[in-house]
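For reference, my_file.cif (mmCIF, C-alpha atoms and all ligand atoms):
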```cif
data_structure
#
loop_
_atom_site.label_atom_id
_atom_site.label_comp_id
_atom_site.auth_asym_id
_atom_site.auth_seq_id
_atom_site.Cartn_x
_atom_site.Cartn_y
_atom_site.Cartn_z
CA MET L 58 -21.30 30.95 -37.21
CA GLY L 59 -19.13 29.81 -34.32
CA ARG L 60 -19.89 33.03 -32.48
CA LYS L 61 -23.60 32.52 -32.84
CA ASP L 62 -23.24 29.04 -31.33
CA ASN L 63 -21.39 30.47 -28.39
CA LEU L 64 -24.21 32.85 -27.67
CA LYS L 65 -26.79 30.10 -27.56
CA PHE L 66 -28.82 30.16 -24.39
CA ASP L 67 -27.88 27.22 -22.22
CA TYR L 68 -30.79 26.71 -19.86
CA ARG L 69 -29.05 23.83 -18.06
CA GLN L 70 -26.36 26.18 -16.88
CA LEU L 71 -28.92 28.68 -15.66
CA ILE L 72 -30.78 26.04 -13.68
CA SER L 73 -27.62 24.78 -12.01
CA ILE L 74 -26.56 28.33 -11.14
CA ASN L 75 -30.00 29.09 -9.75
CA ILE L 76 -30.13 26.03 -7.53
CA TYR L 77 -26.63 26.59 -6.28
CA ASN L 78 -27.16 30.27 -5.50
CA PHE L 79 -30.64 30.32 -4.10
CA VAL L 80 -31.43 26.88 -2.73
CA PRO L 81 -28.16 25.75 -1.21
CA GLU L 82 -29.90 23.69 1.50
CA ILE L 83 -30.81 21.14 -1.16
CA PHE L 84 -27.13 20.35 -1.45
CA HIS L 85 -26.79 19.88 2.27
CA THR L 86 -29.49 17.26 2.50
CA MET L 87 -28.81 15.51 -0.78
CA GLU L 88 -26.28 12.71 -0.47
CA THR L 89 -24.84 12.19 -3.92
CA SER L 90 -23.51 8.75 -4.76
CA GLU L 91 -19.96 10.12 -4.76
CA ASN L 92 -20.50 11.59 -1.34
CA LYS L 93 -21.95 8.35 -0.08
CA GLN L 94 -18.96 6.38 -1.36
CA PHE L 95 -16.60 8.91 0.21
CA ASN L 96 -18.34 8.54 3.58
CA LEU L 97 -18.38 4.74 3.36
CA ASP L 98 -14.69 4.71 2.47
CA ARG L 99 -13.84 6.76 5.52
CA ARG L 100 -15.95 4.59 7.80
CA TYR L 101 -14.40 1.36 6.59
CA LEU L 102 -10.96 2.90 6.92
CA ARG L 103 -11.76 3.89 10.50
CA MET L 104 -12.81 0.28 11.14
CA ALA L 105 -9.51 -0.91 9.66
CA ARG L 106 -7.68 1.45 11.98
CA ILE L 107 -9.49 0.02 14.99
CA TRP L 108 -8.69 -3.48 13.71
CA ALA L 109 -5.00 -2.54 13.65
CA GLU L 110 -5.17 -2.39 17.46
CA ASN L 111 -5.20 -6.22 17.42
CA SER L 112 -1.61 -6.21 16.21
CA TYR L 113 1.09 -7.21 18.67
CA CYS L 114 3.70 -5.37 16.65
CA GLN L 115 5.39 -2.60 18.60
CA ARG L 116 6.91 -0.63 15.77
CA ARG L 117 3.85 -0.22 13.62
CA GLN L 118 0.25 -1.44 13.71
CA VAL L 119 -1.58 -1.77 10.42
CA GLY L 120 -5.15 -2.94 9.82
CA ALA L 121 -6.92 -4.08 6.65
CA LEU L 122 -10.45 -4.98 5.57
CA VAL L 123 -11.65 -6.53 2.33
CA VAL L 124 -15.13 -5.42 1.30
CA LYS L 125 -17.13 -6.99 -1.50
CA ASP L 126 -20.75 -6.32 -2.40
CA LYS L 127 -21.14 -4.18 0.73
CA MET L 128 -19.91 -7.01 2.96
CA ILE L 129 -16.68 -7.29 4.91
CA ILE L 130 -15.36 -10.61 3.62
CA SER L 131 -11.98 -10.52 5.36
CA ASP L 132 -9.80 -8.64 7.79
CA GLY L 133 -6.19 -8.59 8.80
CA TYR L 134 -3.50 -6.88 10.82
CA ASN L 135 0.25 -7.24 10.74
CA GLY L 136 1.66 -10.13 12.72
CA THR L 137 3.46 -13.45 12.76
CA PRO L 138 1.94 -16.51 11.00
CA SER L 139 -0.58 -18.70 12.86
CA GLY L 140 1.07 -20.83 15.50
CA PHE L 141 4.08 -18.54 16.01
CA GLU L 142 4.56 -16.45 19.13
CA ASN L 143 2.97 -13.02 18.93
CA ILE L 144 6.21 -11.07 18.94
CA CYS L 145 6.99 -9.14 15.77
CA GLU L 146 10.40 -7.69 16.67
CA ASP L 147 13.72 -9.42 17.27
CA GLU L 148 16.19 -8.55 20.05
CA ASN L 149 17.47 -5.61 17.98
CA ASP L 150 13.92 -4.23 17.66
CA ALA L 151 13.91 -5.06 13.95
CA THR L 152 10.73 -6.53 12.46
CA LYS L 153 11.12 -10.30 12.00
CA PRO L 154 11.28 -11.33 8.34
CA TYR L 155 8.33 -13.68 8.68
CA VAL L 156 5.88 -11.07 9.93
CA LEU L 157 2.94 -10.85 7.55
CA HIS L 158 1.57 -7.46 6.59
CA ALA L 159 -2.10 -6.67 7.24
CA GLU L 160 -3.01 -6.94 3.54
CA ALA L 161 -1.26 -10.31 3.21
CA ASN L 162 -3.11 -11.62 6.26
CA ALA L 163 -6.47 -10.39 4.94
CA ILE L 164 -5.90 -11.86 1.46
CA THR L 165 -4.58 -15.23 2.66
CA LYS L 166 -7.53 -15.49 5.04
CA ILE L 167 -9.78 -15.41 1.96
CA ALA L 168 -7.70 -18.23 0.49
CA CYS L 169 -8.73 -20.35 3.50
CA SER L 170 -12.40 -19.47 3.13
CA ASN L 171 -15.14 -20.07 0.60
CA ASN L 172 -15.03 -16.41 -0.35
CA ASN L 173 -13.44 -14.77 -3.32
CA SER L 174 -11.83 -11.34 -3.52
CA ARG L 175 -12.39 -10.70 -7.22
CA GLY L 176 -13.68 -7.16 -7.69
CA ALA L 177 -13.37 -6.33 -3.99
CA THR L 178 -12.10 -3.17 -2.29
CA LEU L 179 -9.21 -3.34 0.15
CA TYR L 180 -9.10 -0.85 3.00
CA VAL L 181 -5.71 -0.52 4.62
CA THR L 182 -4.39 1.99 7.13
CA ALA L 183 -0.99 2.34 5.40
CA SER L 184 -0.04 2.36 1.73
CA PRO L 185 0.75 -1.17 0.46
CA CYS L 186 4.36 -2.25 -0.03
CA ILE L 187 5.48 -3.89 -3.27
CA GLU L 188 5.08 -7.45 -1.91
CA CYS L 189 1.50 -6.82 -0.82
CA ALA L 190 0.81 -4.97 -4.09
CA LYS L 191 1.60 -8.16 -5.99
CA LEU L 192 -0.83 -10.13 -3.82
CA ILE L 193 -3.53 -7.46 -4.24
CA ILE L 194 -3.22 -7.65 -8.04
CA GLN L 195 -3.32 -11.45 -8.10
CA ALA L 196 -6.28 -11.53 -5.70
CA GLY L 197 -8.37 -9.63 -8.26
CA ILE L 198 -8.90 -6.66 -5.95
CA LYS L 199 -10.00 -3.66 -7.99
CA ARG L 200 -9.86 -0.78 -5.57
CA VAL L 201 -7.58 0.16 -2.67
CA VAL L 202 -8.47 2.84 -0.13
CA TYR L 203 -5.58 3.74 2.16
CA SER L 204 -4.18 6.36 4.48
CA GLN L 205 -0.62 7.03 5.65
CA GLN L 206 1.84 7.05 2.79
CA TYR L 207 4.59 4.50 3.30
CA ARG L 208 8.10 5.87 2.76
CA LEU L 209 8.42 3.85 -0.44
CA ASP L 210 5.76 4.31 -3.10
CA ASP L 211 6.71 1.44 -5.43
CA GLY L 212 3.73 -0.60 -4.18
CA VAL L 213 1.25 2.17 -5.00
CA LYS L 214 2.90 2.71 -8.38
CA LEU L 215 2.63 -0.99 -9.23
CA LEU L 216 -1.05 -1.03 -8.28
CA GLU L 217 -1.71 2.03 -10.42
CA LYS L 218 0.08 0.35 -13.30
CA ALA L 219 -2.25 -2.64 -12.86
CA ASN L 220 -5.23 -0.25 -13.23
CA ILE L 221 -6.34 -0.69 -9.66
CA GLU L 222 -8.20 2.36 -8.44
CA MET L 223 -6.15 3.94 -5.65
CA VAL L 224 -7.90 6.23 -3.20
CA TYR L 225 -5.77 8.07 -0.68
CA VAL L 226 -7.55 9.43 2.40
CA GLU L 227 -5.38 11.86 4.28
CA THR L 228 -7.08 11.83 7.66
CA ILE L 229 -9.70 9.40 8.91
CA ASP L 230 -10.91 11.12 12.09
ZN ZN J 301 3.07 -5.09 2.65
#
```

Using structure tokens, write down the structure from this file.
Ligand SMILES: [Zn+2]
Amino acid sequence: MGRKDNLKFDYRQLISINIYNFVPEIFHTMETSENKQFNLDRRYLRMARIWAENSYCQRRQVGALVVKDKMIISDGYNGTPSGFENICEDENDATKPYVLHAEANAITKIACSNNNSRGATLYVTASPCIECAKLIIQAGIKRVVYSQQYRLDDGVKLLEKANIEMVYVETID
């Protein structure tokens, strides 16, 4: 009985094999929705990387974008709070404690706007730290696309625990 079932002719399989083997050009021209999302993710991440160039920080420049309903609703890069001098490091070349991370700047910018980050995607050029992870969760962000793994992964782990979709992109060239 079970054996007979196994021998059943599965025409769907045959069709997929046929298309794959004999008409491969179809796959080159067809942009699947997954492919499209993958390409969009990389483009936004590249934009975030360019945005990081705004940062005055010497040690590390990080950029972030918040995208909702195909619109960039916020942006950020690491730096001191508004009104403070644009110097991120102290005399010992250590990052000042009041420097805001790119994600924190992008999220707090939404707090000052009429926009709302619920359900949005955050693009950030480095993996979020634990402090930013907390803000991301509370801001209702549902997806994080990032490159460059930070030395500590507790932020990423917290976001995963909060069921936020984490997408790591190794290179964004
Ligand atoms: Zn952070």

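Considering all atoms listed in the file, every residue of the polymer chains approaching ligand ZN 301 (chain J) to 10 Å or closer is listed here: L:Val119, L:Asn135, L:Val156, L:Leu157, L:His158, L:Ala159, L:Glu160, L:Ala161, L:Asn162, L:Ala183, L:Ser184, L:Pro185, L:Cys186, L:Ile187, L:Glu188, L:Cys189, L:Ala190, L:Lys191, L:Leu192, L:Ile193, L:Tyr207, L:Gly212.
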
* Structure fact -> CA of Arg175 (chain L) sits from CA of Ser131 (chain L) at a separation of 12.6 Å

* Structure fact -> If you count all atoms listed in the file, the residue of L:Asp126, L:Glu217, L:Glu148, L:Asp210 closest to Thr178 (chain L) turns out to be L:Asp126

When you look at Gly120 (chain L) with a cut-off of 6 Å (counting all atoms listed in the file), what residues show up, excluding the ones that are within fewer than 4 positions of it in the same chain? I need them as a PDB file with C-alpha atoms, in the frame of the given file.
```pdb
ATOM      1  CA  ALA L 105      -9.510  -0.910   9.660  1.00  0.00           C
ATOM      2  CA  ARG L 106      -7.680   1.450  11.980  1.00  0.00           C
ATOM      3  CA  TRP L 108      -8.690  -3.480  13.710  1.00  0.00           C
ATOM      4  CA  ALA L 109      -5.000  -2.540  13.650  1.00  0.00           C
ATOM      5  CA  GLY L 133      -6.190  -8.590   8.800  1.00  0.00           C
ATOM      6  CA  TYR L 134      -3.500  -6.880  10.820  1.00  0.00           C
ATOM      7  CA  ALA L 159      -2.100  -6.670   7.240  1.00  0.00           C
ATOM      8  CA  VAL L 181      -5.710  -0.520   4.620  1.00  0.00           C
ATOM      9  CA  THR L 182      -4.390   1.990   7.130  1.00  0.00           C
TER      10      THR L 182
END
```

* **Exercise: Glu142 (chain L) partners within 10 Å, all atoms listed in the file, chain neighbours under 5 positions left out, as JSON, numbers by chain** => {"L": [113, 136, 137]}

* Structure fact -> Using only C-alpha atoms, the best pick from L:Glu227, L:Asp132, L:Ile167, L:Leu215 as closest to Ile107 (chain L) would be L:Asp132

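Counting all atoms listed in the file, the residue from L:Val224, L:Tyr155, L:Ala168, L:Ala163 that sits nearest to Gln94 (chain L) is L:Val224.
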
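The shortest atom-to-atom distance to Asn143 (chain L), with all atoms listed in the file taken into account, belongs to L:Cys114 out of L:Leu122, L:Ile194, L:Ile129, L:Cys114.
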
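The coordinates place CA of Ala151 (chain L) at 28.1 Å from CA of Val123 (chain L).
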
* To do: Grab the CA of Gly197 (chain L) to CA of Lys218 (chain L) distance for me, in Å with one decimal place.
  => 14.0 Å

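The nearest approach to Ala196 (chain L) among the residues L:Cys145, L:Ile164, L:Met223, L:Leu209, with only C-alpha atoms taken into account, belongs to L:Ile164.
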
* Within 12 Å of Tyr225 (chain L), counting all atoms listed in the file, which residues show up once you throw out same-chain ones fewer than 3 positions away? Write them as an MDAnalysis selection string, please. => chainID L and resid 95 98:99 102 179:185 200:207 213 222 228:229

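Restricting the calculation to only C-alpha atoms, the smallest distance between Lys153 (chain L) and any of L:Val226, L:Arg116, L:Asn172, L:Ala121 is found for L:Arg116.
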
Since fewer atoms than expected are present, regenerate N, CA and C atoms for region 104-124 of chain L and write them as a short mmCIF file (atom, residue, chain, number, x, y, z; two decimals), keeping the file's coordinate frame.
```cif
data_model
loop_
_atom_site.label_atom_id
_atom_site.label_comp_id
_atom_site.auth_asym_id
_atom_site.auth_seq_id
_atom_site.Cartn_x
_atom_site.Cartn_y
_atom_site.Cartn_z
N MET L 104 -12.70 1.64 10.59
CA MET L 104 -12.81 0.28 11.14
C MET L 104 -11.48 -0.45 11.01
N ALA L 105 -10.82 -0.26 9.88
CA ALA L 105 -9.51 -0.91 9.66
C ALA L 105 -8.50 -0.40 10.69
N ARG L 106 -8.61 0.88 11.00
CA ARG L 106 -7.68 1.45 11.98
C ARG L 106 -7.92 0.85 13.37
N ILE L 107 -9.18 0.66 13.71
CA ILE L 107 -9.49 0.02 14.99
C ILE L 107 -8.98 -1.41 14.98
N TRP L 108 -9.14 -2.09 13.83
CA TRP L 108 -8.69 -3.48 13.71
C TRP L 108 -7.18 -3.61 13.90
N ALA L 109 -6.47 -2.55 13.51
CA ALA L 109 -5.00 -2.54 13.65
C ALA L 109 -4.59 -2.68 15.12
N GLU L 110 -5.49 -2.31 16.03
CA GLU L 110 -5.17 -2.39 17.46
C GLU L 110 -4.97 -3.84 17.91
N ASN L 111 -5.41 -4.80 17.09
CA ASN L 111 -5.20 -6.22 17.42
C ASN L 111 -3.73 -6.62 17.27
N SER L 112 -2.99 -5.84 16.52
CA SER L 112 -1.61 -6.21 16.21
C SER L 112 -0.72 -6.16 17.45
N TYR L 113 0.14 -7.17 17.56
CA TYR L 113 1.09 -7.21 18.67
C TYR L 113 2.37 -6.46 18.32
N CYS L 114 2.47 -6.02 17.09
CA CYS L 114 3.70 -5.37 16.65
C CYS L 114 3.88 -4.03 17.37
N GLN L 115 5.09 -3.80 17.82
CA GLN L 115 5.39 -2.60 18.60
C GLN L 115 5.72 -1.42 17.69
N ARG L 116 6.40 -1.71 16.61
CA ARG L 116 6.91 -0.63 15.77
C ARG L 116 5.81 0.05 14.96
N ARG L 117 4.87 -0.77 14.52
CA ARG L 117 3.85 -0.22 13.62
C ARG L 117 2.65 -1.17 13.63
N GLN L 118 1.47 -0.62 13.75
CA GLN L 118 0.25 -1.44 13.71
C GLN L 118 -0.56 -1.04 12.48
N VAL L 119 -0.84 -2.03 11.65
CA VAL L 119 -1.58 -1.77 10.42
C VAL L 119 -2.81 -2.68 10.38
N GLY L 120 -3.93 -2.15 9.93
CA GLY L 120 -5.15 -2.94 9.82
C GLY L 120 -5.67 -2.92 8.40
N ALA L 121 -6.36 -4.00 8.00
CA ALA L 121 -6.92 -4.08 6.65
C ALA L 121 -8.28 -4.75 6.67
N LEU L 122 -9.14 -4.34 5.75
CA LEU L 122 -10.45 -4.98 5.57
C LEU L 122 -10.65 -5.20 4.08
N VAL L 123 -11.30 -6.30 3.74
CA VAL L 123 -11.65 -6.53 2.33
C VAL L 123 -13.17 -6.49 2.26
N VAL L 124 -13.68 -5.61 1.42
CA VAL L 124 -15.13 -5.42 1.30
C VAL L 124 -15.56 -5.77 -0.12
#
```
